[in-house]
Amino acid sequence: MANGKLFVISGPSGAGKGTLVARILKRIPQAWVSVSATTRKPRKGERDGVHYFFLSDAEFDKLIEEDGFLEWANVHTARYGTPLFAVEEHLSKGEAVLLEIDVQGGLQVREKFPEAILVFIEPPSIEELRQRLESRATEPQDVIDARMKVAELEMREKMKYDFVLVNDDLETATEDLVAFIESHAGKEEE
């Protein structure tokens, strides 16, 4: 994983990771975002190979056996993982590679690739986080409650990250994150 930089973007579900990553890609065209694999069913509008690689449990198990993931984890009611080959390919081209993954996965990446730069996206408050999840209207209340419990645990891990960004104003958070990535993407390993 020679030339490029690996940026892990994590935080609780509903903190705004996906929105920020989409905005970063518009501002840093040489960045590449990894497409994760998952065993969960697609949400409305999601396309296989674009938003996620939607895999069966058997397909996911096969990739685990082949050591084909940079990281993988059980998250809520499904499994998610980062296919290793594509990440290595883009890093070898010298690109800034963005992984939008959960905290558990982010810490796995840190173990395998200590040079990865971990960014934690934090909501302005736990109450705001709940409101964001409920306003999505994509999951039943019991799933939202489960996500909130996980979010509280994830928030305790933020100090293990290199940069913590509170997403309370989308434009400011975008500016701060773009500046952080640009300032670290060009640095060589010392």
# chains A, B, ... in the order shown; residues from 1 in each chain; ligands from 1

$ residues_around --residues "segment 29-39 of chain A" --least-positions-apart "6" --cutoff "7 Å" --atoms "only C-alpha atoms" --output "MDAnalysis selection string"
chainID A and resid 50:57 78:83 87 95:99

$ closest_atom_pairs --of "segment 1-105 of chain A" --to "segment 156-167 of chain A" --cutoff "12 Å" --atoms "only C-alpha atoms" --output "CSV"
residue,atom,partner,partner_atom,distance
A:Phe7,CA,A:Asp162,CA,10.1
A:Val8,CA,A:Tyr161,CA,9.2
A:Ile9,CA,A:Tyr161,CA,9.7
A:Ser10,CA,A:Lys158,CA,9.0
A:Gly11,CA,A:Lys158,CA,8.0
A:Pro12,CA,A:Lys158,CA,10.2
A:Gly14,CA,A:Asn167,CA,10.4
A:Ala15,CA,A:Asn167,CA,6.9
A:Gly16,CA,A:Asn167,CA,7.0
A:Lys17,CA,A:Asn167,CA,9.0
A:Gly18,CA,A:Asn167,CA,11.8
A:Thr19,CA,A:Asn167,CA,10.4
A:Leu20,CA,A:Asn167,CA,8.9
A:Asp102,CA,A:Glu157,CA,11.1
A:Val103,CA,A:Glu157,CA,7.5
A:Gln104,CA,A:Glu157,CA,9.1
A:Gly105,CA,A:Glu157,CA,11.9

$ write_last_selection --atoms "C-alpha atoms" --output "mmCIF file, in the first residue's frame"
data_model
loop_
_atom_site.group_PDB
_atom_site.id
_atom_site.type_symbol
_atom_site.label_atom_id
_atom_site.label_comp_id
_atom_site.auth_asym_id
_atom_site.auth_seq_id
_atom_site.Cartn_x
_atom_site.Cartn_y
_atom_site.Cartn_z
ATOM 1 C CA PHE A 7 -8.608 7.718 5.247
ATOM 2 C CA VAL A 8 -11.159 5.916 7.400
ATOM 3 C CA ILE A 9 -14.363 7.919 7.952
ATOM 4 C CA SER A 10 -16.359 6.498 10.886
ATOM 5 C CA GLY A 11 -19.011 7.525 13.345
ATOM 6 C CA PRO A 12 -22.467 6.536 14.486
ATOM 7 C CA GLY A 14 -26.868 9.109 11.222
ATOM 8 C CA ALA A 15 -23.816 11.279 12.003
ATOM 9 C CA GLY A 16 -23.574 12.354 8.355
ATOM 10 C CA LYS A 17 -20.674 10.231 7.094
ATOM 11 C CA GLY A 18 -22.264 9.499 3.717
ATOM 12 C CA THR A 19 -23.249 13.102 3.100
ATOM 13 C CA LEU A 20 -19.767 14.351 3.965
ATOM 14 C CA ASP A 102 -18.346 1.751 11.195
ATOM 15 C CA VAL A 103 -16.131 2.269 14.240
ATOM 16 C CA GLN A 104 -15.505 -1.442 14.765
ATOM 17 C CA GLY A 105 -14.204 -1.707 11.197
#

$ select_by_dssp --residues "chain A" --states "alpha helix (DSSP H)" --output "compact mmCIF listing (two decimals) with N, CA and C atoms, in the first residue's frame"
# COMPACT_ATOMS: atom_id res chain seq x y z
N LYS A 17 -21.86 10.72 7.81
CA LYS A 17 -20.67 10.23 7.09
C LYS A 17 -20.90 10.21 5.58
N GLY A 18 -21.99 9.62 5.15
CA GLY A 18 -22.26 9.50 3.72
C GLY A 18 -22.40 10.84 3.03
N THR A 19 -23.08 11.76 3.66
CA THR A 19 -23.25 13.10 3.10
C THR A 19 -21.91 13.80 2.97
N LEU A 20 -21.08 13.70 4.01
CA LEU A 20 -19.77 14.35 3.96
C LEU A 20 -18.87 13.71 2.91
N VAL A 21 -18.87 12.41 2.81
CA VAL A 21 -18.04 11.73 1.81
C VAL A 21 -18.47 12.16 0.41
N ALA A 22 -19.77 12.22 0.15
CA ALA A 22 -20.26 12.66 -1.17
C ALA A 22 -19.77 14.08 -1.49
N ARG A 23 -19.77 14.94 -0.49
CA ARG A 23 -19.32 16.32 -0.69
C ARG A 23 -17.81 16.38 -0.90
N ILE A 24 -17.06 15.52 -0.21
CA ILE A 24 -15.61 15.47 -0.38
C ILE A 24 -15.26 15.09 -1.81
N LEU A 25 -15.96 14.10 -2.35
CA LEU A 25 -15.67 13.63 -3.70
C LEU A 25 -15.86 14.73 -4.75
N LYS A 26 -16.78 15.64 -4.49
CA LYS A 26 -16.98 16.76 -5.40
C LYS A 26 -15.84 17.78 -5.29
N ARG A 27 -15.24 17.86 -4.11
CA ARG A 27 -14.19 18.85 -3.86
C ARG A 27 -12.78 18.31 -4.09
N ASP A 57 -25.04 -14.49 2.32
CA ASP A 57 -24.19 -14.94 3.42
C ASP A 57 -23.09 -15.86 2.91
N ALA A 58 -23.42 -16.74 1.98
CA ALA A 58 -22.42 -17.67 1.44
C ALA A 58 -21.31 -16.93 0.68
N GLU A 59 -21.69 -15.93 -0.11
CA GLU A 59 -20.68 -15.14 -0.84
C GLU A 59 -19.77 -14.38 0.13
N PHE A 60 -20.35 -13.83 1.18
CA PHE A 60 -19.58 -13.11 2.18
C PHE A 60 -18.61 -14.06 2.88
N ASP A 61 -19.11 -15.24 3.26
CA ASP A 61 -18.26 -16.25 3.92
C ASP A 61 -17.08 -16.64 3.04
N LYS A 62 -17.31 -16.77 1.75
CA LYS A 62 -16.24 -17.15 0.82
C LYS A 62 -15.14 -16.09 0.81
N LEU A 63 -15.51 -14.82 0.78
CA LEU A 63 -14.51 -13.74 0.80
C LEU A 63 -13.73 -13.74 2.11
N ILE A 64 -14.39 -14.03 3.21
CA ILE A 64 -13.68 -14.12 4.49
C ILE A 64 -12.64 -15.23 4.43
N GLU A 65 -13.05 -16.39 3.94
CA GLU A 65 -12.14 -17.54 3.83
C GLU A 65 -10.94 -17.23 2.94
N LEU A 84 -10.52 -5.93 -0.17
CA LEU A 84 -9.12 -5.52 -0.09
C LEU A 84 -8.51 -5.15 -1.43
N PHE A 85 -8.80 -5.91 -2.47
CA PHE A 85 -8.12 -5.73 -3.75
C PHE A 85 -8.26 -4.31 -4.30
N ALA A 86 -9.46 -3.78 -4.33
CA ALA A 86 -9.69 -2.46 -4.91
C ALA A 86 -8.98 -1.36 -4.11
N VAL A 87 -8.97 -1.49 -2.79
CA VAL A 87 -8.29 -0.49 -1.95
C VAL A 87 -6.81 -0.47 -2.29
N GLU A 88 -6.19 -1.65 -2.35
CA GLU A 88 -4.76 -1.73 -2.66
C GLU A 88 -4.45 -1.16 -4.05
N GLU A 89 -5.33 -1.44 -5.00
CA GLU A 89 -5.14 -0.95 -6.37
C GLU A 89 -5.12 0.58 -6.41
N HIS A 90 -6.07 1.21 -5.74
CA HIS A 90 -6.15 2.67 -5.77
C HIS A 90 -5.03 3.32 -4.95
N LEU A 91 -4.64 2.71 -3.85
CA LEU A 91 -3.51 3.24 -3.08
C LEU A 91 -2.22 3.17 -3.89
N SER A 92 -2.05 2.10 -4.65
CA SER A 92 -0.82 1.96 -5.45
C SER A 92 -0.74 3.02 -6.55
N VAL A 103 -17.25 2.12 13.31
CA VAL A 103 -16.13 2.27 14.24
C VAL A 103 -15.39 0.95 14.44
N GLN A 104 -16.13 -0.13 14.59
CA GLN A 104 -15.51 -1.44 14.76
C GLN A 104 -14.57 -1.75 13.59
N GLY A 105 -15.02 -1.49 12.38
CA GLY A 105 -14.20 -1.71 11.20
C GLY A 105 -13.02 -0.75 11.13
N GLY A 106 -13.24 0.49 11.53
CA GLY A 106 -12.16 1.46 11.53
C GLY A 106 -11.00 1.04 12.42
N LEU A 107 -11.34 0.51 13.58
CA LEU A 107 -10.29 0.06 14.50
C LEU A 107 -9.60 -1.20 13.98
N GLN A 108 -10.30 -2.04 13.22
CA GLN A 108 -9.66 -3.19 12.57
C GLN A 108 -8.65 -2.72 11.53
N VAL A 109 -9.02 -1.69 10.76
CA VAL A 109 -8.11 -1.15 9.76
C VAL A 109 -6.85 -0.62 10.44
N ARG A 110 -7.02 0.07 11.55
CA ARG A 110 -5.86 0.62 12.27
C ARG A 110 -4.90 -0.49 12.67
N GLU A 111 -5.43 -1.66 13.07
CA GLU A 111 -4.58 -2.78 13.44
C GLU A 111 -3.81 -3.32 12.24
N LYS A 112 -4.47 -3.45 11.09
CA LYS A 112 -3.83 -4.01 9.90
C LYS A 112 -2.93 -3.01 9.20
N ILE A 126 -26.58 13.53 21.12
CA ILE A 126 -27.23 12.22 20.98
C ILE A 126 -28.70 12.40 20.60
N GLU A 127 -29.32 13.48 21.07
CA GLU A 127 -30.72 13.78 20.72
C GLU A 127 -30.85 14.10 19.23
N GLU A 128 -29.90 14.88 18.71
CA GLU A 128 -29.91 15.21 17.28
C GLU A 128 -29.71 13.95 16.45
N LEU A 129 -28.87 13.05 16.92
CA LEU A 129 -28.64 11.79 16.22
C LEU A 129 -29.93 10.99 16.10
N ARG A 130 -30.66 10.86 17.19
CA ARG A 130 -31.94 10.13 17.16
C ARG A 130 -32.90 10.79 16.17
N GLN A 131 -32.96 12.10 16.20
CA GLN A 131 -33.86 12.82 15.29
C GLN A 131 -33.48 12.55 13.83
N ARG A 132 -32.19 12.53 13.52
CA ARG A 132 -31.74 12.25 12.15
C ARG A 132 -32.15 10.85 11.73
N LEU A 133 -31.96 9.87 12.60
CA LEU A 133 -32.32 8.49 12.26
C LEU A 133 -33.82 8.35 12.05
N GLU A 134 -34.61 8.99 12.92
CA GLU A 134 -36.06 8.90 12.79
C GLU A 134 -36.56 9.62 11.54
N SER A 135 -35.92 10.72 11.16
CA SER A 135 -36.38 11.47 10.00
C SER A 135 -36.07 10.76 8.68
N ARG A 136 -35.13 9.82 8.70
CA ARG A 136 -34.85 9.02 7.49
C ARG A 136 -36.06 8.18 7.09
N GLN A 141 -38.79 1.37 14.54
CA GLN A 141 -38.31 1.95 15.80
C GLN A 141 -37.34 1.03 16.55
N ASP A 142 -37.56 -0.28 16.51
CA ASP A 142 -36.65 -1.18 17.23
C ASP A 142 -35.24 -1.16 16.64
N VAL A 143 -35.13 -0.98 15.32
CA VAL A 143 -33.82 -0.87 14.68
C VAL A 143 -33.16 0.45 15.05
N ILE A 144 -33.95 1.52 15.07
CA ILE A 144 -33.41 2.83 15.48
C ILE A 144 -32.91 2.75 16.93
N ASP A 145 -33.69 2.11 17.81
CA ASP A 145 -33.26 1.97 19.21
C ASP A 145 -31.95 1.19 19.30
N ALA A 146 -31.80 0.14 18.49
CA ALA A 146 -30.56 -0.64 18.48
C ALA A 146 -29.40 0.21 17.98
N ARG A 147 -29.63 1.01 16.95
CA ARG A 147 -28.58 1.89 16.42
C ARG A 147 -28.15 2.92 17.47
N MET A 148 -29.10 3.39 18.26
CA MET A 148 -28.76 4.38 19.30
C MET A 148 -27.88 3.75 20.38
N LYS A 149 -28.16 2.51 20.74
CA LYS A 149 -27.32 1.82 21.73
C LYS A 149 -25.91 1.65 21.20
N VAL A 150 -25.79 1.26 19.93
CA VAL A 150 -24.48 1.10 19.30
C VAL A 150 -23.78 2.46 19.23
N ALA A 151 -24.52 3.51 18.90
CA ALA A 151 -23.94 4.85 18.79
C ALA A 151 -23.29 5.28 20.11
N GLU A 152 -23.94 5.00 21.22
CA GLU A 152 -23.37 5.38 22.51
C GLU A 152 -22.05 4.67 22.75
N LEU A 153 -21.96 3.40 22.37
CA LEU A 153 -20.70 2.65 22.49
C LEU A 153 -19.64 3.21 21.54
N GLU A 154 -20.05 3.52 20.31
CA GLU A 154 -19.10 4.04 19.33
C GLU A 154 -18.53 5.39 19.76
N MET A 155 -19.35 6.23 20.37
CA MET A 155 -18.89 7.55 20.80
C MET A 155 -17.76 7.44 21.81
N LEU A 170 -23.22 21.54 8.18
CA LEU A 170 -22.72 20.74 7.07
C LEU A 170 -21.64 21.45 6.27
N GLU A 171 -21.81 22.72 5.98
CA GLU A 171 -20.81 23.44 5.18
C GLU A 171 -19.49 23.56 5.93
N THR A 172 -19.55 23.91 7.20
CA THR A 172 -18.32 24.02 8.00
C THR A 172 -17.64 22.66 8.14
N ALA A 173 -18.43 21.62 8.39
CA ALA A 173 -17.86 20.27 8.52
C ALA A 173 -17.20 19.85 7.22
N THR A 174 -17.82 20.16 6.08
CA THR A 174 -17.24 19.83 4.78
C THR A 174 -15.91 20.54 4.60
N GLU A 175 -15.90 21.85 4.86
CA GLU A 175 -14.66 22.64 4.71
C GLU A 175 -13.55 22.07 5.59
N ASP A 176 -13.87 21.77 6.84
CA ASP A 176 -12.87 21.27 7.78
C ASP A 176 -12.33 19.91 7.35
N LEU A 177 -13.20 19.04 6.87
CA LEU A 177 -12.78 17.71 6.47
C LEU A 177 -11.96 17.74 5.18
N VAL A 178 -12.37 18.56 4.22
CA VAL A 178 -11.59 18.71 2.99
C VAL A 178 -10.20 19.23 3.32
N ALA A 179 -10.11 20.24 4.16
CA ALA A 179 -8.80 20.79 4.54
C ALA A 179 -7.94 19.74 5.22
N PHE A 180 -8.54 18.95 6.10
CA PHE A 180 -7.79 17.90 6.80
C PHE A 180 -7.25 16.87 5.81
N ILE A 181 -8.09 16.40 4.91
CA ILE A 181 -7.67 15.38 3.94
C ILE A 181 -6.59 15.94 3.02
N GLU A 182 -6.81 17.14 2.50
CA GLU A 182 -5.81 17.73 1.60
C GLU A 182 -4.47 17.93 2.30
N SER A 183 -4.50 18.29 3.58
CA SER A 183 -3.24 18.53 4.28
C SER A 183 -2.49 17.23 4.58
N HIS A 184 -3.18 16.11 4.62
CA HIS A 184 -2.54 14.83 4.92
C HIS A 184 -2.30 13.96 3.68
N ALA A 185 -3.06 14.20 2.62
CA ALA A 185 -2.95 13.35 1.42
C ALA A 185 -1.60 13.46 0.75

$ atom_distance --atom1 "atom CA of Arg43 of chain A" --atom2 "atom CA of Thr138 of chain A"
7.7 Å
